[in-house]
>>> print(open('target21.cif').read())   # mmCIF, C-alpha atoms
data_run
loop_
_atom_site.label_atom_id
_atom_site.label_comp_id
_atom_site.auth_asym_id
_atom_site.auth_seq_id
_atom_site.Cartn_x
_atom_site.Cartn_y
_atom_site.Cartn_z
CA MET A 1 106.02 40.98 85.10
CA LEU A 2 102.88 38.91 84.66
CA GLY A 3 103.64 36.58 87.54
CA GLY A 4 103.68 39.71 89.62
CA LEU A 5 100.37 40.75 88.10
CA ALA A 6 98.53 37.72 89.48
CA ARG A 7 100.05 38.35 92.90
CA ARG A 8 99.19 42.03 92.71
CA VAL A 9 95.54 41.29 91.92
CA SER A 10 95.39 38.78 94.74
CA HIS A 11 96.92 41.28 97.18
CA VAL A 12 94.55 44.09 96.20
CA MET A 13 91.51 41.84 96.47
CA LYS A 14 92.61 40.60 99.88
CA VAL A 15 93.04 44.17 101.16
CA ARG A 16 89.65 45.11 99.70
CA ALA A 17 87.99 42.20 101.46
CA GLU A 18 89.64 43.01 104.79
CA GLN A 19 89.28 46.73 104.82
CA GLN A 20 86.85 49.32 103.60
CA PRO A 21 87.12 51.80 102.02
CA VAL A 22 89.89 51.24 99.51
CA LEU A 23 90.74 53.00 96.25
CA VAL A 24 93.13 51.54 93.68
CA VAL A 25 95.06 53.76 91.26
CA ASP A 26 97.93 53.52 88.80
CA SER A 27 100.15 56.41 87.83
CA GLY A 28 101.01 55.25 84.30
CA ASP A 29 103.30 53.02 82.22
CA LEU A 30 101.02 50.14 82.97
CA PHE A 31 100.97 48.48 79.59
CA SER A 32 103.52 46.29 77.92
CA PRO A 33 106.82 47.96 77.14
CA TYR A 34 107.34 45.98 73.96
CA PRO A 35 107.55 48.40 71.08
CA ALA A 36 104.78 47.40 68.65
CA ALA A 37 107.30 47.02 65.85
CA LEU A 38 109.13 44.25 67.73
CA ASP A 39 106.27 41.95 68.58
CA ALA A 40 102.93 43.63 68.10
CA GLU A 41 100.79 40.57 68.83
CA LYS A 42 102.55 39.73 72.08
CA ALA A 43 102.48 43.34 73.19
CA GLN A 44 98.74 43.65 72.52
CA LYS A 45 97.98 40.39 74.32
CA LYS A 46 99.85 41.55 77.40
CA ALA A 47 98.25 44.95 77.33
CA ARG A 48 94.76 43.40 77.17
CA LEU A 49 95.56 41.09 80.04
CA LEU A 50 96.78 44.01 82.13
CA GLY A 51 93.60 45.93 81.30
CA GLN A 52 91.45 42.96 82.38
CA ALA A 53 93.40 42.50 85.60
CA TYR A 54 93.10 46.16 86.57
CA ARG A 55 89.39 46.12 85.88
CA ARG A 56 89.17 43.05 88.08
CA MET A 57 90.88 45.07 90.83
CA GLU A 58 88.18 47.74 90.29
CA VAL A 59 90.82 50.36 89.68
CA GLY A 60 89.57 53.91 90.30
CA ALA A 61 91.87 55.79 87.92
CA VAL A 62 94.76 54.94 85.60
CA ASN A 63 97.01 57.67 84.27
CA VAL A 64 98.25 57.41 80.70
CA GLY A 65 102.03 57.06 80.82
CA CYS A 66 104.50 57.60 78.01
CA LEU A 67 105.13 53.87 77.57
CA ASP A 68 101.40 53.28 77.23
CA LEU A 69 101.51 55.44 74.11
CA ILE A 70 103.90 52.99 72.43
CA GLN A 71 100.94 50.68 71.95
CA GLY A 72 99.10 53.39 70.06
CA LEU A 73 96.04 55.35 70.93
CA ASP A 74 93.62 52.78 69.49
CA LEU A 75 94.47 50.17 72.12
CA LEU A 76 94.08 52.72 74.89
CA ARG A 77 90.73 53.80 73.46
CA GLN A 78 89.58 50.16 73.39
CA GLU A 79 90.63 49.64 76.99
CA TYR A 80 88.86 52.84 78.00
CA SER A 81 85.68 51.78 76.20
CA GLN A 82 85.81 48.47 78.06
CA GLY A 83 85.80 50.23 81.40
CA LEU A 84 89.42 51.01 82.25
CA PRO A 85 89.20 54.50 83.81
CA LEU A 86 92.07 56.17 81.95
CA VAL A 87 92.73 59.80 82.82
CA SER A 88 95.08 62.40 81.39
CA ALA A 89 94.86 66.15 81.64
CA ASN A 90 97.60 66.90 79.14
CA LEU A 91 97.22 64.22 76.46
CA LEU A 92 95.45 66.32 73.88
CA ASP A 93 93.89 65.99 70.48
CA PRO A 94 96.10 68.22 68.29
CA SER A 95 93.21 69.54 66.22
CA THR A 96 90.86 70.50 69.06
CA LYS A 97 93.45 70.95 71.85
CA THR A 98 91.07 69.10 74.15
CA ALA A 99 91.85 66.08 76.32
CA ILE A 100 91.56 62.69 74.58
CA PHE A 101 90.61 60.90 77.82
CA PRO A 102 88.88 62.50 80.81
CA PRO A 103 91.41 64.75 82.57
CA TYR A 104 90.25 63.55 85.98
CA ALA A 105 88.06 61.08 87.85
CA ILE A 106 86.28 61.98 91.08
CA ARG A 107 85.81 59.07 93.47
CA GLU A 108 83.73 59.28 96.62
CA VAL A 109 85.18 57.54 99.63
CA ALA A 110 84.48 57.92 103.36
CA GLU A 111 82.16 60.87 102.57
CA LEU A 112 84.98 62.65 100.73
CA ARG A 113 85.31 63.56 97.07
CA VAL A 114 88.76 62.60 95.85
CA ALA A 115 89.84 64.00 92.49
CA PHE A 116 92.49 61.96 90.68
CA PHE A 117 93.99 63.61 87.63
CA GLY A 118 96.74 62.46 85.33
CA LEU A 119 99.76 64.05 83.68
CA LEU A 120 102.57 62.78 81.50
CA SER A 121 105.87 64.39 80.69
CA PRO A 122 106.19 66.47 77.52
CA GLU A 123 109.74 65.14 77.17
CA LEU A 124 109.33 61.47 76.40
CA GLY A 125 113.04 60.83 76.16
CA PRO A 126 115.23 59.75 73.26
CA GLU A 127 114.57 56.02 73.75
CA ILE A 128 110.85 56.13 73.37
CA SER A 129 110.08 59.29 71.46
CA PRO A 130 110.56 57.73 67.97
CA ALA A 131 108.36 54.73 68.88
CA VAL A 132 105.59 56.95 70.24
CA ARG A 133 105.80 59.29 67.25
CA ARG A 134 105.66 56.41 64.79
CA VAL A 135 102.34 55.07 66.07
CA ASN A 136 100.72 58.34 67.09
CA GLU A 137 101.86 60.76 64.37
CA GLY A 138 99.39 63.63 64.17
CA LYS A 139 97.09 62.02 66.73
CA ILE A 140 98.44 63.37 70.00
CA LEU A 141 99.75 66.54 71.53
CA ILE A 142 101.26 66.60 75.01
CA GLY A 143 100.30 69.82 76.72
CA ASP A 144 102.11 71.81 79.38
CA PRO A 145 101.66 69.90 82.67
CA VAL A 146 101.68 72.99 84.90
CA LYS A 147 98.95 74.65 82.84
CA ALA A 148 96.88 71.45 82.73
CA ALA A 149 97.22 70.88 86.49
CA GLY A 150 96.26 74.48 87.23
CA GLU A 151 93.15 74.16 85.08
CA VAL A 152 92.01 70.95 86.78
CA VAL A 153 92.51 72.30 90.31
CA GLN A 154 90.75 75.56 89.46
CA LYS A 155 87.83 73.77 87.78
CA LEU A 156 87.30 71.27 90.58
CA LYS A 157 87.97 73.39 93.64
CA GLU A 158 84.28 73.38 94.59
CA ARG A 159 83.66 69.81 93.47
CA ALA A 160 86.48 67.92 95.19
CA ASP A 161 87.86 67.77 98.73
CA LEU A 162 91.15 66.12 97.98
CA PHE A 163 93.40 66.44 94.92
CA ILE A 164 95.72 63.61 93.95
CA LEU A 165 97.90 63.82 90.88
CA LEU A 166 98.79 60.57 89.17
CA SER A 167 102.01 61.48 87.48
CA ASP A 168 104.19 59.86 84.86
CA MET A 169 106.69 62.69 84.84
CA GLY A 170 109.39 61.90 87.37
CA LEU A 171 110.24 63.62 90.64
CA ALA A 172 111.77 66.83 89.23
CA ARG A 173 108.69 67.59 87.14
CA ASP A 174 106.38 66.61 90.00
CA GLN A 175 108.14 69.11 92.25
CA GLU A 176 107.80 71.78 89.58
CA VAL A 177 104.04 71.19 89.34
CA ALA A 178 103.66 71.11 93.13
CA ARG A 179 105.44 74.46 93.43
CA ALA A 180 103.44 76.08 90.65
CA VAL A 181 99.98 74.73 91.48
CA PRO A 182 98.86 75.03 95.09
CA GLY A 183 96.07 72.76 96.23
CA ILE A 184 97.45 69.36 95.19
CA HIS A 185 97.54 67.24 98.34
CA PHE A 186 99.48 64.24 97.01
CA ILE A 187 101.37 63.25 93.91
CA LEU A 188 101.56 59.53 93.28
CA GLY A 189 104.36 59.36 90.81
CA GLY A 190 106.09 56.94 88.51
CA HIS A 191 107.99 57.12 85.26
CA GLU A 192 111.44 56.64 86.71
CA GLY A 193 110.72 53.72 89.03
CA ARG A 194 111.90 55.42 92.16
CA PHE A 195 111.31 53.89 95.54
CA THR A 196 110.41 56.57 98.01
CA GLY A 197 110.58 55.20 101.51
CA ARG A 198 109.74 58.68 102.74
CA ALA A 199 107.55 61.31 101.15
CA HIS A 200 109.21 64.17 99.30
CA ARG A 201 107.60 67.41 100.33
CA SER A 202 107.22 70.31 97.96
CA GLU A 203 105.31 73.26 99.41
CA LYS A 204 102.20 71.59 100.90
CA THR A 205 102.27 68.66 98.49
CA PHE A 206 103.64 65.23 99.35
CA ILE A 207 105.21 63.23 96.51
CA LEU A 208 105.39 59.44 96.64
CA GLN A 209 106.50 56.65 94.31
CA SER A 210 106.13 52.91 94.67
CA SER A 211 109.08 51.64 92.64
CA ALA A 212 108.96 49.87 89.27
CA LYS A 213 108.03 46.56 87.57
CA GLY A 214 105.09 46.07 89.90
CA MET A 215 107.53 44.99 92.59
CA ASN A 216 105.59 46.85 95.27
CA VAL A 217 102.12 48.07 95.94
CA GLY A 218 102.11 51.43 97.68
CA HIS A 219 99.71 51.77 100.58
CA LEU A 220 98.74 55.36 101.30
CA ARG A 221 96.64 55.40 104.45
CA LEU A 222 94.87 58.70 105.01
CA THR A 223 93.35 59.73 108.31
CA LEU A 224 91.38 62.93 108.13
CA LYS A 225 90.04 65.01 110.99
CA ASN A 226 89.02 67.99 108.94
CA ILE A 227 89.76 68.55 105.27
CA GLY A 228 90.90 72.13 105.96
CA LEU A 229 93.76 70.99 108.21
CA PRO A 230 97.24 70.41 106.78
CA PHE A 231 98.56 66.88 106.36
CA MET A 232 101.49 65.47 108.21
CA ASP A 233 103.55 62.40 107.59
CA ALA A 234 102.83 59.90 110.37
CA GLY A 235 105.84 57.97 109.12
CA GLU A 236 108.05 60.83 110.26
CA SER A 237 107.89 59.76 113.91
CA LEU A 238 108.63 56.15 112.91
CA TYR A 239 111.62 57.38 110.92
CA LEU A 240 112.87 59.46 113.88
CA GLN A 241 112.40 56.50 116.19
CA GLU A 242 114.46 54.33 113.83
CA LYS A 243 117.25 56.92 113.77
CA ILE A 244 117.28 57.10 117.58
CA SER A 245 117.48 53.31 117.81
CA PHE A 246 120.38 53.34 115.36
CA ILE A 247 122.22 55.97 117.42
CA ASP A 248 121.53 53.94 120.58
CA SER A 249 123.16 50.87 119.12
CA ARG A 250 126.17 52.93 117.99
CA LEU A 251 126.46 54.48 121.47
CA GLN A 252 126.27 51.07 123.10
CA GLY A 253 129.17 49.83 120.95
CA LEU A 254 131.30 52.93 121.54
CA LYS A 255 130.74 52.86 125.29
CA ALA A 256 131.75 49.21 125.41
CA THR A 257 134.95 50.08 123.50
CA ARG A 258 135.69 52.94 125.93
CA GLU A 259 135.24 50.70 128.94
CA SER A 260 137.61 48.13 127.52
CA GLN A 261 140.32 50.75 127.00
CA SER A 262 142.68 51.59 129.84
CA ALA A 263 143.90 54.95 128.50
CA LYS A 264 141.58 57.91 127.89
CA ASP A 265 140.58 58.31 124.26
CA THR A 266 139.51 61.92 123.59
CA ASP A 267 138.37 61.19 120.02
CA LEU A 268 136.10 58.46 121.24
CA ASP A 269 134.67 60.71 123.95
CA ARG A 270 134.02 63.47 121.43
CA TRP A 271 132.27 60.98 119.18
CA ILE A 272 130.06 59.81 122.02
CA GLN A 273 129.26 63.41 122.94
CA ASN A 274 128.31 64.19 119.34
CA LEU A 275 126.02 61.18 119.13
CA ASN A 276 124.38 62.13 122.43
CA ARG A 277 123.75 65.62 121.10
CA GLN A 278 122.22 64.19 117.91
CA ARG A 279 120.11 61.87 120.01
CA SER A 280 118.64 64.67 122.13
CA THR A 281 117.85 66.76 119.01
CA LEU A 282 116.05 63.78 117.50
CA GLN A 283 114.22 63.15 120.79
CA GLU A 284 112.99 66.75 120.75
CA GLU A 285 111.83 66.40 117.13
CA LEU A 286 110.08 63.15 117.98
CA LYS A 287 108.31 64.73 120.94
CA LYS A 288 107.20 67.66 118.79
CA SER A 289 106.05 65.35 116.01
CA ARG A 290 103.99 63.23 118.45
CA GLN A 291 102.37 66.33 119.93
CA THR A 292 101.44 67.71 116.48
CA ILE A 293 99.92 64.53 115.06
CA PRO A 294 96.55 64.66 116.85
CA GLN A 295 95.81 68.19 115.54
CA ARG A 296 96.42 67.36 111.90
CA ASN A 297 95.26 65.19 109.09
CA ARG A 298 97.85 62.52 108.67
CA PHE A 299 99.07 59.92 106.22
CA LEU A 300 101.23 56.89 106.36
CA PHE A 301 102.88 55.56 103.23
CA THR A 302 104.24 52.06 103.14
CA THR A 303 105.13 49.74 100.30
CA VAL A 304 104.27 46.08 100.27
CA PRO A 305 106.68 43.96 98.21
CA MET A 306 104.99 41.47 95.90
CA GLU A 307 107.11 38.57 97.01
CA MET A 308 107.12 35.25 95.18
CA THR A 309 105.56 33.57 98.18
CA LEU A 310 102.36 35.62 97.97
CA PRO A 311 99.34 33.83 96.52
CA GLU A 312 98.38 34.43 92.89
CA ASP A 313 94.91 35.31 91.73
CA GLU A 314 93.53 32.14 90.10
CA GLU A 315 91.51 33.96 87.47
CA VAL A 316 94.48 36.03 86.23
CA LYS A 317 96.74 32.99 86.43
CA LYS A 318 94.26 31.07 84.25
CA ARG A 319 94.12 33.87 81.68
CA ILE A 320 97.90 34.07 81.49
CA ALA A 321 97.96 30.32 80.80
CA GLU A 322 95.17 30.57 78.20
CA MET A 323 96.95 33.35 76.37
CA ALA A 324 100.14 31.31 76.39
CA ILE A 325 102.20 34.27 77.58
CA GLU A 326 105.21 33.44 79.65
CA LYS A 327 105.48 35.11 83.03
CA ASP A 328 108.57 37.15 82.25
CA MET B 1 24.29 88.86 122.42
CA PRO B 2 27.16 91.14 123.45
CA GLN B 3 27.74 88.78 126.39
CA GLU B 4 27.77 85.85 124.06
CA ASN B 5 30.15 87.78 121.88
CA GLY B 6 32.25 88.56 124.93
CA VAL B 7 32.41 84.87 125.85
CA THR B 8 33.32 83.94 122.27
CA LEU B 9 36.02 86.60 122.20
CA GLY B 10 37.40 85.40 125.56
CA ILE B 11 37.74 81.80 124.36
CA SER B 12 39.39 82.93 121.14
CA LYS B 13 41.97 84.99 123.03
CA LYS B 14 42.76 82.08 125.35
CA LEU B 15 43.06 79.75 122.37
CA LEU B 16 45.27 82.21 120.57
CA LEU B 17 47.58 82.52 123.58
CA LYS B 18 47.79 78.74 123.93
CA MET B 19 48.56 78.40 120.24
CA LYS B 20 51.26 81.05 120.50
CA LYS B 21 52.84 79.20 123.43
CA SER B 22 52.70 75.91 121.53
CA ILE B 23 54.29 77.47 118.45
CA ILE B 24 57.09 79.01 120.55
CA LEU B 25 57.66 75.67 122.30
CA LEU B 26 57.74 73.84 118.98
CA LEU B 27 60.18 76.34 117.50
CA THR B 28 62.43 76.06 120.56
CA LEU B 29 62.43 72.28 120.31
CA LEU B 30 63.20 72.49 116.59
CA ILE B 31 66.13 74.85 117.16
CA LEU B 32 67.45 72.63 119.94
CA ALA B 33 67.25 69.62 117.69
CA VAL B 34 68.98 71.31 114.77
CA LEU B 35 71.75 73.32 116.46
CA PRO B 36 74.60 71.52 118.20
CA PHE B 37 74.72 73.42 121.54
CA TRP B 38 77.11 70.91 123.01
CA PRO B 39 79.80 68.84 121.30
CA SER B 40 78.27 65.77 119.77
CA ASP B 41 80.02 62.43 119.49
CA SER B 42 80.63 62.99 115.81
CA ALA B 43 82.57 66.23 116.38
CA GLY B 44 86.24 65.56 115.63
CA LYS B 45 85.40 62.16 114.19
CA GLU B 46 88.18 60.89 111.97
CA VAL B 47 87.72 59.23 108.64
CA GLU B 48 90.25 56.79 107.35
CA PHE B 49 90.75 55.22 103.95
CA LEU B 50 93.45 53.52 101.96
CA ILE B 51 94.76 54.22 98.48
CA LEU B 52 96.61 51.38 96.81
CA HIS B 53 99.08 52.63 94.25
CA THR B 54 100.95 51.01 91.42
CA GLY B 55 103.05 52.85 88.89
CA ASN B 56 105.71 52.29 86.29
CA VAL B 57 104.71 48.63 86.23
CA THR B 58 106.31 48.04 82.86
CA GLY B 59 108.80 50.84 82.96
CA HIS B 60 111.87 48.71 83.42
CA LEU B 61 113.01 48.64 79.82
CA PHE B 62 113.17 52.38 79.64
CA PRO B 63 114.37 54.04 82.81
CA CYS B 64 113.75 57.69 83.54
CA PRO B 65 114.27 59.59 80.32
CA THR B 66 114.09 63.03 81.92
#
>>> encode(input="target21.cif", output="C-alpha cells")
Amino acid sequence: MLGGLARRVSHVMKVRAEQQPVLVVDSGDLFSPYPAALDAEKAQKKARLLGQAYRRMEVGAVNVGCLDLIQGLDLLRQEYSQGLPLVSANLLDPSTKTAIFPPYAIREVAELRVAFFGLLSPELGPEISPAVRRVNEGKILIGDPVKAAGEVVQKLKERADLFILLSDMGLARDQEVARAVPGIHFILGGHEGRFTGRAHRSEKTFILQSSAKGMNVGHLRLTLKNIGLPFMDAGESLYLQEKISFIDSRLQGLKATRESQSAKDTDLDRWIQNLNRQRSTLQEELKKSRQTIPQRNRFLFTTVPMEMTLPEDEEVKKRIAEMAIEKD
Amino acid sequence: MPQENGVTLGISKKLLLKMKKSIILLLTLLILAVLPFWPSDSAGKEVEFLILHTGNVTGHLFPCPT
C-alpha cells in the first residue's frame, strides 16, 4: 500500500507539472484499514503519512469513508485541522444533527465552480460496524444520503456549475442517489473497489470508480463547451471502435475457415451474416456518436495503473523510511 | 444688444447640436464595443481540465459490505 503511495504522489505531481488545470480528489477509505485495537500505533502512523502525502498532492477534497472512521474521529479532526480538506454531507454530530466536517468544497478551475461533496453509506457492514461503533460511540450519526445530497445540490445550485459526488457507498447506493437527486453530474465512487472501465449511467449522472488499494489513479478529463449542455462519454466511440475491431478479427478467421472448406457450411455462413449485421449496427452507432460529440460537453475516463516501474516520490519514500513502516 | 444676444444664442445652439452628435457617436461606439454583433473568437471556446481520482485506497481488507 505505501509503496504505491510514493508512486501515486509522484504520478500526480508529474501530471500537475505537465498539465494545468488539475484537481485531485479521493472518494474515501483513504486511511489505514488496521482496526485500532489490533495495532493502534502502526495504524496512526500510516494514517498520518497518508494525510501528509495527500496534502503534498494538494488534494482538493477527500470524502470520509467508513474505514476512515475505524481510526476514530479525533484522528480525522487532526488531519482536517492540518489542512486535509475532508468533506462529508451525512457524517453528523448526533446532538446537533449538523455535519462534523464541511459537507462540500467548491474548487474553481478553468473559470468553473466545481462542487465536490461527500457521502458514506449508512450500512457500514457487519465486518466494520463493531469497530466503528467502539471508537465513535455517541460521537457520530450517519444521515440519509439521498436527503443530504438533495440538500447540498439545492443549497449550491446558484453557487456551483458542476456537482461531483465523492461517494463511499458502492454502486447500488450511488445509482439510488443519482435517480433521486437530479443535478449531480458525476459520482466518483469507491467503497467496494470496483474497476469501471466504462461509466455507469443513471439518469443524467455518470458513475465511475477507480478500483482499490491505490492500484490505479482515475483520470477524468472534462471538456466543456457550455455548462448547460449534457455530457457525453467520449470513451463510448473508443469502446465501439474496439468492438468493431474485435468483430473484424472474428470475421477474418471465419472467412478463412470457410475458404478452406470444400463443402458449404450453412452454420458458418449464418454466423458470418450475424457478425456482419452486428458490425453494421455498431458502425451506425459509432457514426452517430461521432456526430453528436461536437455539440456536447464530453468526458473521457481512463485509469492509470500504478505499476512498480513508475518512479516514487523521494519525499514520501524518505518519510516511509523514517517512520520505519514497511511498504506492505 | 439683441444682436449680440442673437449671436450668443446662435453659437450656443451650434455647440449644443455638436455636443448632441458627439454624445450619440460616443454612445454608439460604446454599444458596439459592449455588444457582440458578430461571433467573437471566444464564442464556443472549450475549457478542459482533469480530475485525478483515488478511492478505496485501503479498502482491501474489507470488501463491499453492502
>>> resolve_selection(input="target21.cif", expression="the PyMOL selection byres ((chain A and resi 289) around 10)", output="ChimeraX atom specification")
/A:232-234,236-237,240,283-288,290-294
>>> atom_distance(input="target21.cif", atom1="atom CA of Phe231 of chain A", atom2="atom CA of Arg296 of chain A")
6.0 Å
>>> closest_residue(input="target21.cif", among="B:Thr54, B:Lys13, B:Leu25, B:Ile31", to="chain A", atoms="all atoms listed in the file")
B:Thr54
>>> resolve_selection(input="target21.cif", expression="the PyMOL selection byres ((chain A and resi 59) around 8)", output="NGL selection string")
:A and (23-26 or 54-58 or 60-62 or 84-85)
>>> closest_residue(input="target21.cif", among="A:His219, A:His185, A:Arg179, A:Arg8", to="Phe301 of chain A", atoms="all atoms listed in the file")
A:His219
>>> residues_around(input="target21.cif", residues="Arg77 of chain A", least_positions_apart="5", cutoff="12 Å", atoms="all atoms listed in the file", output="ChimeraX atom specification")
/A:48,51,64,68-69,71-72,82-87,100-102
>>> atom_distance(input="target21.cif", atom1="atom CA of Leu52 of chain B", atom2="atom CA of Lys45 of chain A")
25.1 Å
>>> resolve_selection(input="target21.cif", expression="the PyMOL selection byres ((chain A and resi 109) around 9)", output="list in words")
Pro21, Val22, Leu23, Arg107, Glu108, Ala110, Glu111, Leu112, Arg113 and Val114 of chain A; Phe49 of chain B
>>> residues_near_point(input="target21.cif", point="(98.5, 52.7, 104.6)", cutoff="8 Å", atoms="only C-alpha atoms", output="list in words")
Gly218, His219, Leu220, Arg221, Leu222, Phe299, Leu300, Phe301 and Thr302 of chain A; Leu50 and Ile51 of chain B
>>> write_last_selection(input="target21.cif", atoms="C-alpha atoms", output="PDB file, keeping the file's coordinate frame")
ATOM      1  CA  GLY A 218     102.110  51.430  97.680  1.00  0.00           C
ATOM      2  CA  HIS A 219      99.710  51.770 100.580  1.00  0.00           C
ATOM      3  CA  LEU A 220      98.740  55.360 101.300  1.00  0.00           C
ATOM      4  CA  ARG A 221      96.640  55.400 104.450  1.00  0.00           C
ATOM      5  CA  LEU A 222      94.870  58.700 105.010  1.00  0.00           C
ATOM      6  CA  PHE A 299      99.070  59.920 106.220  1.00  0.00           C
ATOM      7  CA  LEU A 300     101.230  56.890 106.360  1.00  0.00           C
ATOM      8  CA  PHE A 301     102.880  55.560 103.230  1.00  0.00           C
ATOM      9  CA  THR A 302     104.240  52.060 103.140  1.00  0.00           C
TER      10      THR A 302
ATOM     11  CA  LEU B  50      93.450  53.520 101.960  1.00  0.00           C
ATOM     12  CA  ILE B  51      94.760  54.220  98.480  1.00  0.00           C
TER      13      ILE B  51
END
>>> closest_residue(input="target21.cif", among="B:Leu29, B:His53, B:Ser12, B:Lys21", to="chain A", atoms="only C-alpha atoms")
B:His53
>>> atom_distance(input="target21.cif", atom1="atom CA of Asp174 of chain A", atom2="atom CA of Gln154 of chain A")
18.0 Å
>>> decode(input="target21.cif", residues="segment 106-126 of chain A", atoms="C-alpha atoms", output="PDB file, in the first residue's frame")
ATOM      1  CA  ILE A 106     -16.067  24.332  -4.032  1.00  0.00           C
ATOM      2  CA  ARG A 107     -12.965  24.478  -6.216  1.00  0.00           C
ATOM      3  CA  GLU A 108     -12.530  26.932  -9.059  1.00  0.00           C
ATOM      4  CA  VAL A 109     -10.922  25.544 -12.164  1.00  0.00           C
ATOM      5  CA  ALA A 110     -10.900  26.781 -15.774  1.00  0.00           C
ATOM      6  CA  GLU A 111     -13.360  29.549 -14.790  1.00  0.00           C
ATOM      7  CA  LEU A 112     -15.796  26.959 -13.430  1.00  0.00           C
ATOM      8  CA  ARG A 113     -17.007  26.365  -9.892  1.00  0.00           C
ATOM      9  CA  VAL A 114     -16.854  22.664  -9.125  1.00  0.00           C
ATOM     10  CA  ALA A 115     -18.671  21.482  -6.007  1.00  0.00           C
ATOM     11  CA  PHE A 116     -17.342  18.258  -4.501  1.00  0.00           C
ATOM     12  CA  PHE A 117     -19.476  16.764  -1.761  1.00  0.00           C
ATOM     13  CA  GLY A 118     -19.068  13.567   0.188  1.00  0.00           C
ATOM     14  CA  LEU A 119     -21.344  10.759   1.340  1.00  0.00           C
ATOM     15  CA  LEU A 120     -20.832   7.493   3.155  1.00  0.00           C
ATOM     16  CA  SER A 121     -23.127   4.532   3.432  1.00  0.00           C
ATOM     17  CA  PRO A 122     -25.440   4.267   6.439  1.00  0.00           C
ATOM     18  CA  GLU A 123     -24.895   0.492   6.352  1.00  0.00           C
ATOM     19  CA  LEU A 124     -21.276   0.016   7.313  1.00  0.00           C
ATOM     20  CA  GLY A 125     -21.425  -3.744   7.070  1.00  0.00           C
ATOM     21  CA  PRO A 126     -21.019  -6.460   9.681  1.00  0.00           C
TER      22      PRO A 126
END
